[in-house]
2 protein chains.
Amino acid sequence: MSEVDLILRNATVVCMDDAFRIFEVGAVAIRHHSILDVGHEERILKDHASEEVIDCSGKTLIPGLINAHTHAPMTILRGLADDRRLDVWLLGYVMPVEREFVSPEFCLLGAKLACAEMIRSGITCFADMYYFEHAVAEAAAEVGMRAICGQSVLKFPTPDAASFEDAMDAGREFIRQWKDHDLIIPSIAPHAAYTSTLEILRACIDLAVEYDVPLLTHLAETSQEVEDSRDQYDMPVIPWVKKAGLFEAKVLAAHCVHVDEGEIHSLRRVGSGVVHNPSSNMKLASGFAPIYDMLEAGLNVGLGTDGTASNNDLDMFEEMRLAAFLAKGTTGDPTALPARQVFSMATRLGAKACHIDHLVGSIEIGKRADLTLIDLDTLHNLPRFDIDQESIYSRLVYAAKSTDVTDVMVNGRWLMLDRRLQTVEEKPLLEQAQQIADQIDAFLAEREGSVLSKLIAIGGAEQEESYEVQIKLSIPDPSPIIQKLESQAFEIIRTAHYREYDCYFGFSDPTQGRLRHREDEFIDSEGNIYNVRYRLTLAGPAAERTYPNSVLLSRSRFIAPATHSLRFYKEYFQPEETVQISKDRLRWLVLHQDEEFFINIDQILKPKLEGWFLEVKSRTWSRRDAERKAELISDVLKILEVDASKAETQEYPELIATQGMDG
Amino acid sequence: MSEVDLILRNATVVCMDDAFRIFEVGAVAIRHHSILDVGHEERILKDHASEEVIDCSGKTLIPGLINAHTHAPMTILRGLADDRRLDVWLLGYVMPVEREFVSPEFCLLGAKLACAEMIRSGITCFADMYYFEHAVAEAAAEVGMRAICGQSVLKFPTPDAASFEDAMDAGREFIRQWKDHDLIIPSIAPHAAYTSTLEILRACIDLAVEYDVPLLTHLAETSQEVEDSRDQYDMPVIPWVKKAGLFEAKVLAAHCVHVDEGEIHSLRRVGSGVVHNPSSNMKLASGFAPIYDMLEAGLNVGLGTDGTASNNDLDMFEEMRLAAFLAKGTTGDPTALPARQVFSMATRLGAKACHIDHLVGSIEIGKRADLTLIDLDTLHNLPRFDIDQESIYSRLVYAAKSTDVTDVMVNGRWLMLDRRLQTVEEKPLLEQAQQIADQIDAFLAEREGSVLSKLIAIGGAEQEESYEVQIKLSIPDPSPIIQKLESQAFEIIRTAHYREYDCYFGFSDPTQGRLRHREDEFIDSEGNIYNVRYRLTLAGPAAERTYPNSVLLSRSRFIAPATHSLRFYKEYFQPEETVQISKDRLRWLVLHQDEEFFINIDQILKPKLEGWFLEVKSRTWSRRDAERKAELISDVLKILEVDASKAETQEYPELIATQGMDG
């Protein structure tokens with residue numbers, strides 16, 4: 001007879017252990033934060049004694065559900081802009097709002113609200129990826145939930161990092177601080193292959209391996225992503241990240257919607273966990289993940305809600321039901337993904353996918369006491385059939401609702417008792433969240449005339465590298481430079497000849513940036529036009545920093561194909577002023593000390609300017625990289641034997657304006 | 001200032017009228033069973049007075065939801081056999097259980113439970129198809145819900161009708177009795193094209209037109225159904241039923257999963273309502289209905305839960321969310337089926353689909369007071385954004401749960417107040433349902449050795465016509481009969497020559513019926529085998545009725561292709577006894593007085609019997625038809641100039657047994 005801290009008796013215990021045992025009248029003995037024993041009530045009460053014995057009065061005891069992919073602080077953005085195209089939603093609403101509003105306080109508040117909602121839905125553990133991830137960790141620790149918290153890293157500037165190097169530094173510090181916490185598993189989260197560079201991935205892999213923490217990421221979520229990967233790297237996403245060494249880390253990959261059989265087997269061999277997010281994939285029309293094939297192949301697939309902004313709630317019962325429905329619907333086989341298997345995805349298999357099955361995922365001796373009690377004796381769950389003992393999984397998946405959850409325990413501590421949250425008070429948090437939502441409403445209303453949102457609304461836009469290093473010089477004669485370039489002063493990657501017809505739209509509010517409509521005529525060696533390209537580029541106001549012989553600009557740049565006429569865009573964007581410039585451009589992409597630089601020789605044709613302009617330019621996602629390139633530009637100019645003292649700091653529209661020429 | 005019975009004030013009123021008006025601080029004035037006025041609270045309180053004014057304290061008032069397709073009594077069968085193939089589920093579980101258990105009491109109980117669950121989910125009106133539909137009507141009327149109740153008609157015997165003629169009689173009587181009820185709209189429900197005959201459809205159409213009631217049916221639910229229709233009628237389902245005149249009635253067609261663009265336009269032109277059942281279609285893997293195209297075409301599409309046996313609950317909030325998700329997922333367009341449109345399917349458009357939009361579907365002056373109050377100020381619904389006034393639809397569809405519904409009114413009467421049901425007590429009903437469920441468990445356990453369920457389990461079976469009329473005669477010489485047939489005494493539709501190797505499996509329990517494994521060799525005019533067919537036929541015990549010169553048999557017959565060896569089937573079914581019979585069969589399919597008859601001339605080869613046997617046979621779904629054919633058999637025998645006095649009443653296995661021959 002052993003003394004324990006707590007015995008839960010008179011529950012139907014669904015163990016989700018190897019044998020999928022179910023104890024119809026079962027009990028669990030808990031000591032400290034762990035499960036000391038589980039079995040038939042009679043035996044448990046004989047073998048163990050406790051001052052506290054709770055009668056679960058016929059409720060069902062299940063392992064706490066694992067939400068294997070979410071963005072907890074986004075609860076504050078729930079329903080912000082539904083039924084929009086992905087780029088409109090993300091670039092037009094979510095990212096601008098995040099840039100403006102996301103702070104440590106925002107993340108702490110949003111994560112606490114998410115915890116409250118998840119506890120109510122029977123979730124005891126979640127895997128998160130967001131900004132200021134330390135705030136998410138604080139929220140989870142304070143509320144008492146288990147969480148894998150991944151500090152996001154992107155090549156773009158983010159609300160918590162001006163560059164990815166800053167994000168990496170913050171990630172390292174975050175992991176160092178939290179790595180020994182009993183509830184929090186800190187981790188690093190390169191957002192996705194398409195928002196990373198090889199360098200970012202490598203840095204994240206090394207960090208994850210160094211601290212032996214999971215690496216969280218999104219992989220192959222959309223067909224576009226896979227197509228772009230093929231274009232850029234000649235291979236789909238999974239092989240590319242594999243080649244980059246990603247799977248040296250313990251990876252938890254969200255989505256994997258667009259993966260083929262070979263990639264599925266590849267993911268299995270490298271032991272990567274995968275997270276299926278059926279609501280999000282359907283709501284955003286990302287596609288149907290081949291979950292049936294993944295499970296057949298023996299892959300560890302967990303279930304996730306994704307963020308509330310693409311769901312719109314954090315309800316694992318909905319995800320379970322939807323996962324089962326979707327597998328049946330897409331395979332045409334109603335026996336696909338039966339209830340027990342999908343319940344496993346939300347518990348034992350999800351724990352494996354998250355690389356934490358030594359801790360949680362089942363009700364077994366030695367595992368942490370992460371437990372959920374659910375009342376299946378409600379109107380929508382009855383009557384019950386017992387011909388098949390497994391019908392309990394069917395009730396849990398096809399009929400139960402998250403609101404049937406009554407009690408939740410994590411690490412031996414009650415977080416909800418009889419539907420009352422024990423560690424978090426919802427009301428004041430909701431009031432704070434509503435205040436932020438009201439501010440967001442006001443912000444969005446004000447920005448209704450935003451050029452970026454209008455650009456996105458008519459066809460999408462892609463963000464370009466944030467950092468530009470450049471120098472511009474007026475030169476009387478381009479011949480010496482051209483000779484230098486032709487004499488192989490640099491390794492030349494590409495040369496091109498364009499005629500460019502630009503129209504710049506300026507707006508009264510300078511924070512709107514400047515929109516450029518460009519028609520590029522591609523000229524071949526015989527002077528003939530062999531291609532034409534129309535593009536829109538929106539450049540935000542730049543933060544400048546001047547180096548010897550170069551300027552480092554940091555600004556947002558969005559690029560979009562221009563499929564309508566210039567007249568259309570003028571009417572649509574209603575610019576305050578327009579400036580038309582056409583020029584002839586000879587362009588070389590050269591390599592200097594392993595860095596790429598564009599060298600342009602421009603002749604301004606309209607309005608006619610005397611002479612030529614030399615531009616040396618480079619773009620990058622990395623601030624440190626930009627600084628290094630700023631230095632290297634001096635070398636490039638020296639090799640070209642150009643006098644750099646007369647550098648122009650203005651861009652063409654300003655240059656033309658100050659020279660008093662008429663456009 | 002007008003005097004009204006009730007004013008609901010201080011609610012966000014979502015009208016779902018033509019203009020999709022929303023009153024942020026709105027009110028509704030109700031007199032008797034109808035909406036007398038709706039508008040801004042201030043104006044309503046100025047224009048109307050009532051002794052009873054209820055403060056809805058910021059809740060949202062919506063039109064009561066319309067569940068446009070369900071089988072209410074099936075709540076008692078919730079979760080009976082999930083994750084099974086459709087034929088296994090339907091033929092192996094649902095239909096045998098229905099045959100055994102479904103009674104008026106069962107239907108009354110199940111429908112009351114369904115009403116309770118639906119009220120809790122904010123549903124005020126449902127369209128139902130089941131057996132003993134008068135019991136469903138009684139339940140709805142007693143609980144106070146609005147319902148379109150369709151008496152099912154099938155060509156098979158059903159729990160409430162031994163033949164479709166009985167079902168038609170019951171349907172007519174049911175419609176006559178209920179047609180003036182304030183809440184119940186009685187209707188007729190030919191189950192589906194593939195379970196009807198042209199005669200059944202015609203009778204149902206005429207009845208629906210005569211009483212001006214809707215006609216409920218399932219159309220094009222599975223691809224198999226459409227394929228079979230093409231095979232049988234050379235056209236898909238919709239054109240076939242159209243040709244049969246179905247759309248002379250006001251049709252409400254469930255599913256329409258497999259319809260093409262032409263059929264969609266056809267459905268629109270004839271004014272048919274369609275019901276989308278996303279949960280059911282996905283769970284049973286029926287396919288993805290082209291809802292987006294239907295709505296684009298202007299079709300009236302409602303939403304339904306289908307029965308709990310294929311869902312497993314009656315939750316319109318789940319159906320709304322799933323419908324939106326599914327449309328986005330299948331079209332690849334996240335803007336497809338936005339929240340307002342899907343909410344319309346559950347209210348105003350659903351009412352149109354059901355042909356009851358003059359009564360319900362919106363909060364408008366003159367419509368019935370069918371209203372639902374929902375609390376959107378809960379954790380999983382907050383915060384709220386108001387940039388877009390329509391974001392309330394997004395909250396209702398993407399985040400709200402059925403458990404957020406607090407109050408429900410139908411026809412001016414409260415059915416739920418503050419989550420307490422007013423007109424039905426759940427607990428005793430649930431206890432009764434559990435008693436039935438326990439009996440079903442016992443029945444299924446007992447029948448574990450059922451030959452039919454085993455037959456279905458290994459590959460499915462198809463039910464054949466229930467009525468057989470036949471006569472068998474020993475004849476010394478077939479030549480005169482063959483001459484008669486060759487001299488065109490009848491119009492001959494088809495002739496064939498088989499060699500048949502039959503093996504009959506008998507079981508100790510005679511109610512199991514007898515299973516026949518038959519190998520048919522098809523013989524051509526030169527005596528060569530040109531085709532072989534293997535089939536299993538399970539014939540249940542027959543109810544006999546003897547007519548002059550013929551016997552009318554009524555029994556269940558299931559037929560299945562035999563894809564395994566005879567040895568396999570012997571081992572699998574473990575028959576008590578087997579009887580092997582091989583024979584040579586000449587077969588004519590002839591027409592006599594517009595009725596089809598089979599004429600067989602059989603020579604028993606093994607065990608060898610002297611002489612030949614003449615069989616005249618016909619099968620039908622209709623009892624009346626069978627009786628007519630029983631009379632006509634006398635004519636046929638007369639034309640063949642056969643002495644009918646020595647008719648054999650036994651079938652071949654018994655015949656052989658009594659003649660003492662060794663098999």
# chains A, B, ... in the order shown; residues from 1 in each chain; ligands from 1

call {"tool": "interface_residues", "arguments": {"of": "chain A", "to": "chain B", "cutoff": "6 Å", "atoms": "only C-alpha atoms", "output": "JSON, numbers by chain"}}
result
{"A": [83, 84, 85, 282, 283, 284, 285, 312, 313, 325, 328, 329, 332, 333, 334, 335, 338, 383, 387, 398, 399, 434, 441]}

call {"tool": "residues_around", "arguments": {"residues": "range 476-490 of chain B", "least_positions_apart": "3", "cutoff": "9 Å", "atoms": "only C-alpha atoms", "output": "list of chain:residue names"}}
result
B:Trp588, B:Val590, B:Leu591, B:His592, B:Ile601, B:Glu610, B:Gly611, B:Trp612, B:Phe613, B:Leu614, B:Val636, B:Ile639, B:Leu640, B:Glu641, B:Val642

call {"tool": "write_last_selection", "arguments": {"atoms": "N, CA and C atoms", "output": "PDB file, in the first residue's frame"}}
result
ATOM      1  N   TRP B 588     -36.366 -18.385 -71.000  1.00  0.00           N
ATOM      2  CA  TRP B 588     -37.000 -17.351 -71.826  1.00  0.00           C
ATOM      3  C   TRP B 588     -37.549 -16.251 -70.919  1.00  0.00           C
ATOM      4  N   VAL B 590     -40.347 -13.634 -71.151  1.00  0.00           N
ATOM      5  CA  VAL B 590     -41.455 -13.347 -72.062  1.00  0.00           C
ATOM      6  C   VAL B 590     -42.367 -12.273 -71.483  1.00  0.00           C
ATOM      7  N   LEU B 591     -43.153 -11.697 -72.376  1.00  0.00           N
ATOM      8  CA  LEU B 591     -44.112 -10.674 -71.978  1.00  0.00           C
ATOM      9  C   LEU B 591     -45.515 -11.230 -72.150  1.00  0.00           C
ATOM     10  N   HIS B 592     -46.314 -11.091 -71.106  1.00  0.00           N
ATOM     11  CA  HIS B 592     -47.716 -11.503 -71.222  1.00  0.00           C
ATOM     12  C   HIS B 592     -48.559 -10.443 -70.523  1.00  0.00           C
ATOM     13  N   ILE B 601     -36.727 -24.096 -68.448  1.00  0.00           N
ATOM     14  CA  ILE B 601     -36.829 -25.558 -68.589  1.00  0.00           C
ATOM     15  C   ILE B 601     -35.529 -26.140 -68.070  1.00  0.00           C
ATOM     16  N   GLU B 610     -34.885 -37.890 -63.274  1.00  0.00           N
ATOM     17  CA  GLU B 610     -35.524 -38.197 -64.565  1.00  0.00           C
ATOM     18  C   GLU B 610     -36.323 -36.980 -65.032  1.00  0.00           C
ATOM     19  N   GLY B 611     -36.437 -36.828 -66.306  1.00  0.00           N
ATOM     20  CA  GLY B 611     -37.322 -35.804 -66.868  1.00  0.00           C
ATOM     21  C   GLY B 611     -36.815 -34.394 -66.715  1.00  0.00           C
ATOM     22  N   TRP B 612     -37.757 -33.460 -66.918  1.00  0.00           N
ATOM     23  CA  TRP B 612     -37.428 -32.029 -66.877  1.00  0.00           C
ATOM     24  C   TRP B 612     -38.367 -31.309 -65.920  1.00  0.00           C
ATOM     25  N   PHE B 613     -38.004 -30.070 -65.615  1.00  0.00           N
ATOM     26  CA  PHE B 613     -38.891 -29.235 -64.816  1.00  0.00           C
ATOM     27  C   PHE B 613     -39.179 -27.941 -65.568  1.00  0.00           C
ATOM     28  N   LEU B 614     -40.432 -27.574 -65.525  1.00  0.00           N
ATOM     29  CA  LEU B 614     -40.822 -26.273 -66.078  1.00  0.00           C
ATOM     30  C   LEU B 614     -41.045 -25.314 -64.907  1.00  0.00           C
ATOM     31  N   VAL B 636     -50.508 -18.075 -68.608  1.00  0.00           N
ATOM     32  CA  VAL B 636     -49.264 -18.491 -69.242  1.00  0.00           C
ATOM     33  C   VAL B 636     -49.239 -20.009 -69.396  1.00  0.00           C
ATOM     34  N   ILE B 639     -51.555 -21.129 -72.160  1.00  0.00           N
ATOM     35  CA  ILE B 639     -50.985 -20.903 -73.490  1.00  0.00           C
ATOM     36  C   ILE B 639     -49.941 -21.957 -73.817  1.00  0.00           C
ATOM     37  N   LEU B 640     -49.189 -22.358 -72.785  1.00  0.00           N
ATOM     38  CA  LEU B 640     -48.155 -23.386 -72.987  1.00  0.00           C
ATOM     39  C   LEU B 640     -48.761 -24.788 -73.054  1.00  0.00           C
ATOM     40  N   GLU B 641     -50.071 -24.857 -72.805  1.00  0.00           N
ATOM     41  CA  GLU B 641     -50.819 -26.128 -72.816  1.00  0.00           C
ATOM     42  C   GLU B 641     -50.210 -27.143 -71.871  1.00  0.00           C
ATOM     43  N   VAL B 642     -49.988 -26.694 -70.677  1.00  0.00           N
ATOM     44  CA  VAL B 642     -49.384 -27.560 -69.656  1.00  0.00           C
ATOM     45  C   VAL B 642     -50.440 -27.921 -68.636  1.00  0.00           C
TER      46      VAL B 642
END

call {"tool": "residues_around", "arguments": {"residues": "Val28 in chain B", "least_positions_apart": "5", "cutoff": "8 Å", "atoms": "only C-alpha atoms", "output": "PyMOL selection string"}}
result
chain B and resi 7-9+35-39+41+44

call {"tool": "write_last_selection", "arguments": {"atoms": "N, CA, C and O atoms", "output": "mmCIF file, in the first residue's frame"}}
result
data_model
loop_
_atom_site.group_PDB
_atom_site.id
_atom_site.type_symbol
_atom_site.label_atom_id
_atom_site.label_comp_id
_atom_site.auth_asym_id
_atom_site.auth_seq_id
_atom_site.Cartn_x
_atom_site.Cartn_y
_atom_site.Cartn_z
ATOM 1 N N ILE B 7 -42.033 42.136 -26.317
ATOM 2 C CA ILE B 7 -40.966 42.868 -27.006
ATOM 3 C C ILE B 7 -39.628 42.317 -26.528
ATOM 4 O O ILE B 7 -39.389 42.188 -25.325
ATOM 5 N N LEU B 8 -38.773 41.951 -27.481
ATOM 6 C CA LEU B 8 -37.401 41.573 -27.158
ATOM 7 C C LEU B 8 -36.541 42.784 -27.471
ATOM 8 O O LEU B 8 -36.511 43.247 -28.618
ATOM 9 N N ARG B 9 -35.859 43.320 -26.456
ATOM 10 C CA ARG B 9 -35.066 44.532 -26.681
ATOM 11 C C ARG B 9 -33.587 44.316 -26.348
ATOM 12 O O ARG B 9 -33.210 43.304 -25.770
ATOM 13 N N ILE B 35 -44.068 38.019 -36.047
ATOM 14 C CA ILE B 35 -43.260 39.217 -35.852
ATOM 15 C C ILE B 35 -44.063 40.412 -36.352
ATOM 16 O O ILE B 35 -44.415 40.482 -37.532
ATOM 17 N N LEU B 36 -44.356 41.327 -35.438
ATOM 18 C CA LEU B 36 -45.163 42.477 -35.815
ATOM 19 C C LEU B 36 -44.282 43.627 -36.278
ATOM 20 O O LEU B 36 -44.663 44.432 -37.122
ATOM 21 N N ASP B 37 -43.064 43.681 -35.704
ATOM 22 C CA ASP B 37 -42.175 44.785 -36.081
ATOM 23 C C ASP B 37 -40.752 44.432 -35.676
ATOM 24 O O ASP B 37 -40.521 43.640 -34.755
ATOM 25 N N VAL B 38 -39.796 45.041 -36.371
ATOM 26 C CA VAL B 38 -38.381 44.859 -36.040
ATOM 27 C C VAL B 38 -37.642 46.134 -36.412
ATOM 28 O O VAL B 38 -37.986 46.785 -37.405
ATOM 29 N N GLY B 39 -36.694 46.535 -35.590
ATOM 30 C CA GLY B 39 -35.957 47.753 -35.899
ATOM 31 C C GLY B 39 -35.062 48.176 -34.755
ATOM 32 O O GLY B 39 -34.748 47.368 -33.865
ATOM 33 N N GLU B 41 -34.063 49.637 -31.334
ATOM 34 C CA GLU B 41 -34.791 49.519 -30.074
ATOM 35 C C GLU B 41 -35.622 50.758 -29.769
ATOM 36 O O GLU B 41 -36.796 50.665 -29.410
ATOM 37 N N ILE B 44 -38.794 50.900 -31.824
ATOM 38 C CA ILE B 44 -39.729 49.818 -31.473
ATOM 39 C C ILE B 44 -40.418 50.130 -30.147
ATOM 40 O O ILE B 44 -41.642 49.973 -30.008
#

call {"tool": "atom_distance", "arguments": {"atom1": "CA of Gly150 in chain B", "atom2": "CA of Ser556 in chain B"}}
result
25.3 Å

call {"tool": "select_by_dssp", "arguments": {"residues": "range 204-292 of chain A", "states": "strand (DSSP E or B)", "output": "list of chain:residue names"}}
result
A:Pro214, A:Leu215, A:Leu216, A:Thr217, A:His218, A:Leu219, A:Lys250, A:Val251, A:Leu252, A:Ala253, A:Ala254, A:His255, A:Gly273, A:Val274, A:Val275, A:His276

call {"tool": "write_last_selection", "arguments": {"atoms": "N, CA and C atoms", "output": "PDB file, in the first residue's frame"}}
result
ATOM      1  N   PRO A 214      13.428  20.934 -29.718  1.00  0.00           N
ATOM      2  CA  PRO A 214      12.773  20.746 -31.022  1.00  0.00           C
ATOM      3  C   PRO A 214      12.954  21.976 -31.911  1.00  0.00           C
ATOM      4  N   LEU A 215      12.799  21.744 -33.198  1.00  0.00           N
ATOM      5  CA  LEU A 215      12.796  22.839 -34.175  1.00  0.00           C
ATOM      6  C   LEU A 215      11.412  22.835 -34.827  1.00  0.00           C
ATOM      7  N   LEU A 216      10.719  23.966 -34.700  1.00  0.00           N
ATOM      8  CA  LEU A 216       9.350  24.068 -35.227  1.00  0.00           C
ATOM      9  C   LEU A 216       9.365  24.851 -36.537  1.00  0.00           C
ATOM     10  N   THR A 217       8.575  24.418 -37.480  1.00  0.00           N
ATOM     11  CA  THR A 217       8.505  25.154 -38.744  1.00  0.00           C
ATOM     12  C   THR A 217       7.226  24.813 -39.502  1.00  0.00           C
ATOM     13  N   HIS A 218       6.911  25.621 -40.517  1.00  0.00           N
ATOM     14  CA  HIS A 218       5.836  25.307 -41.466  1.00  0.00           C
ATOM     15  C   HIS A 218       6.489  24.741 -42.716  1.00  0.00           C
ATOM     16  N   LEU A 219       6.000  23.606 -43.221  1.00  0.00           N
ATOM     17  CA  LEU A 219       6.562  23.059 -44.456  1.00  0.00           C
ATOM     18  C   LEU A 219       5.462  22.715 -45.460  1.00  0.00           C
ATOM     19  N   LYS A 250      15.424  17.860 -34.167  1.00  0.00           N
ATOM     20  CA  LYS A 250      14.146  17.166 -33.931  1.00  0.00           C
ATOM     21  C   LYS A 250      13.040  18.077 -34.467  1.00  0.00           C
ATOM     22  N   VAL A 251      12.604  17.795 -35.679  1.00  0.00           N
ATOM     23  CA  VAL A 251      11.708  18.734 -36.363  1.00  0.00           C
ATOM     24  C   VAL A 251      10.231  18.419 -36.082  1.00  0.00           C
ATOM     25  N   LEU A 252       9.454  19.467 -35.886  1.00  0.00           N
ATOM     26  CA  LEU A 252       7.996  19.381 -35.846  1.00  0.00           C
ATOM     27  C   LEU A 252       7.491  20.282 -36.969  1.00  0.00           C
ATOM     28  N   ALA A 253       7.013  19.653 -38.034  1.00  0.00           N
ATOM     29  CA  ALA A 253       6.672  20.394 -39.250  1.00  0.00           C
ATOM     30  C   ALA A 253       5.170  20.534 -39.388  1.00  0.00           C
ATOM     31  N   ALA A 254       4.694  21.767 -39.365  1.00  0.00           N
ATOM     32  CA  ALA A 254       3.254  22.004 -39.519  1.00  0.00           C
ATOM     33  C   ALA A 254       2.857  21.897 -40.992  1.00  0.00           C
ATOM     34  N   HIS A 255       1.660  21.380 -41.213  1.00  0.00           N
ATOM     35  CA  HIS A 255       0.986  21.326 -42.526  1.00  0.00           C
ATOM     36  C   HIS A 255       1.429  20.173 -43.432  1.00  0.00           C
ATOM     37  N   GLY A 273       8.316  14.954 -36.945  1.00  0.00           N
ATOM     38  CA  GLY A 273       6.897  14.987 -36.624  1.00  0.00           C
ATOM     39  C   GLY A 273       6.189  15.888 -37.625  1.00  0.00           C
ATOM     40  N   VAL A 274       4.920  15.583 -37.874  1.00  0.00           N
ATOM     41  CA  VAL A 274       4.114  16.393 -38.788  1.00  0.00           C
ATOM     42  C   VAL A 274       2.851  16.807 -38.043  1.00  0.00           C
ATOM     43  N   VAL A 275       2.364  18.007 -38.304  1.00  0.00           N
ATOM     44  CA  VAL A 275       1.101  18.444 -37.677  1.00  0.00           C
ATOM     45  C   VAL A 275       0.062  18.745 -38.746  1.00  0.00           C
ATOM     46  N   HIS A 276      -1.049  18.073 -38.611  1.00  0.00           N
ATOM     47  CA  HIS A 276      -2.188  18.270 -39.509  1.00  0.00           C
ATOM     48  C   HIS A 276      -3.104  19.328 -38.898  1.00  0.00           C
TER      49      HIS A 276
END

call {"tool": "residues_around", "arguments": {"residues": "Val102 in chain A", "least_positions_apart": "6", "cutoff": "9 Å", "atoms": "only C-alpha atoms", "output": "MDAnalysis selection string"}}
result
chainID A and resid 73 131:132 159:160

call {"tool": "write_last_selection", "arguments": {"atoms": "N, CA, C and O atoms", "output": "PDB file, in the first residue's frame"}}
result
ATOM      1  N   PRO A  73      -0.770  33.905 -29.256  1.00  0.00           N
ATOM      2  CA  PRO A  73      -1.164  35.317 -29.071  1.00  0.00           C
ATOM      3  C   PRO A  73      -2.161  35.817 -30.113  1.00  0.00           C
ATOM      4  O   PRO A  73      -2.809  36.842 -29.904  1.00  0.00           O
ATOM      5  N   TYR A 131       6.001  35.615 -32.134  1.00  0.00           N
ATOM      6  CA  TYR A 131       7.026  36.595 -31.787  1.00  0.00           C
ATOM      7  C   TYR A 131       7.044  36.765 -30.266  1.00  0.00           C
ATOM      8  O   TYR A 131       6.103  36.389 -29.592  1.00  0.00           O
ATOM      9  N   PHE A 132       8.086  37.357 -29.740  1.00  0.00           N
ATOM     10  CA  PHE A 132       8.223  37.525 -28.284  1.00  0.00           C
ATOM     11  C   PHE A 132       7.831  36.227 -27.572  1.00  0.00           C
ATOM     12  O   PHE A 132       6.975  36.217 -26.685  1.00  0.00           O
ATOM     13  N   PRO A 159       7.915  41.928 -35.725  1.00  0.00           N
ATOM     14  CA  PRO A 159       7.640  42.842 -34.616  1.00  0.00           C
ATOM     15  C   PRO A 159       8.687  42.758 -33.507  1.00  0.00           C
ATOM     16  O   PRO A 159       8.861  43.704 -32.749  1.00  0.00           O
ATOM     17  N   ASP A 160       9.367  41.608 -33.387  1.00  0.00           N
ATOM     18  CA  ASP A 160      10.326  41.489 -32.291  1.00  0.00           C
ATOM     19  C   ASP A 160      11.781  41.460 -32.747  1.00  0.00           C
ATOM     20  O   ASP A 160      12.674  41.255 -31.925  1.00  0.00           O
TER      21      ASP A 160
END

call {"tool": "select_by_dssp", "arguments": {"residues": "range 164-295 of chain B", "states": "helix (DSSP H, G or I)", "output": "VMD selection string"}}
result
chain B and resid 164 to 178 193 to 195 198 to 211 223 to 233 237 to 243 246 to 248 261 to 269 278 to 283 291 to 295

call {"tool": "atom_distance", "arguments": {"atom1": "CA of Gly513 in chain A", "atom2": "CA of Leu538 in chain A"}}
result
6.7 Å

call {"tool": "closest_residue", "arguments": {"among": "A:Val153, A:Glu364, A:Glu319, A:Pro541", "to": "His69 in chain A", "atoms": "only C-alpha atoms"}}
result
A:Glu319

call {"tool": "closest_residue", "arguments": {"among": "A:Ser453, A:Asp18, A:Arg516, A:Ala135", "to": "Val94 in chain A", "atoms": "only C-alpha atoms"}}
result
A:Ser453
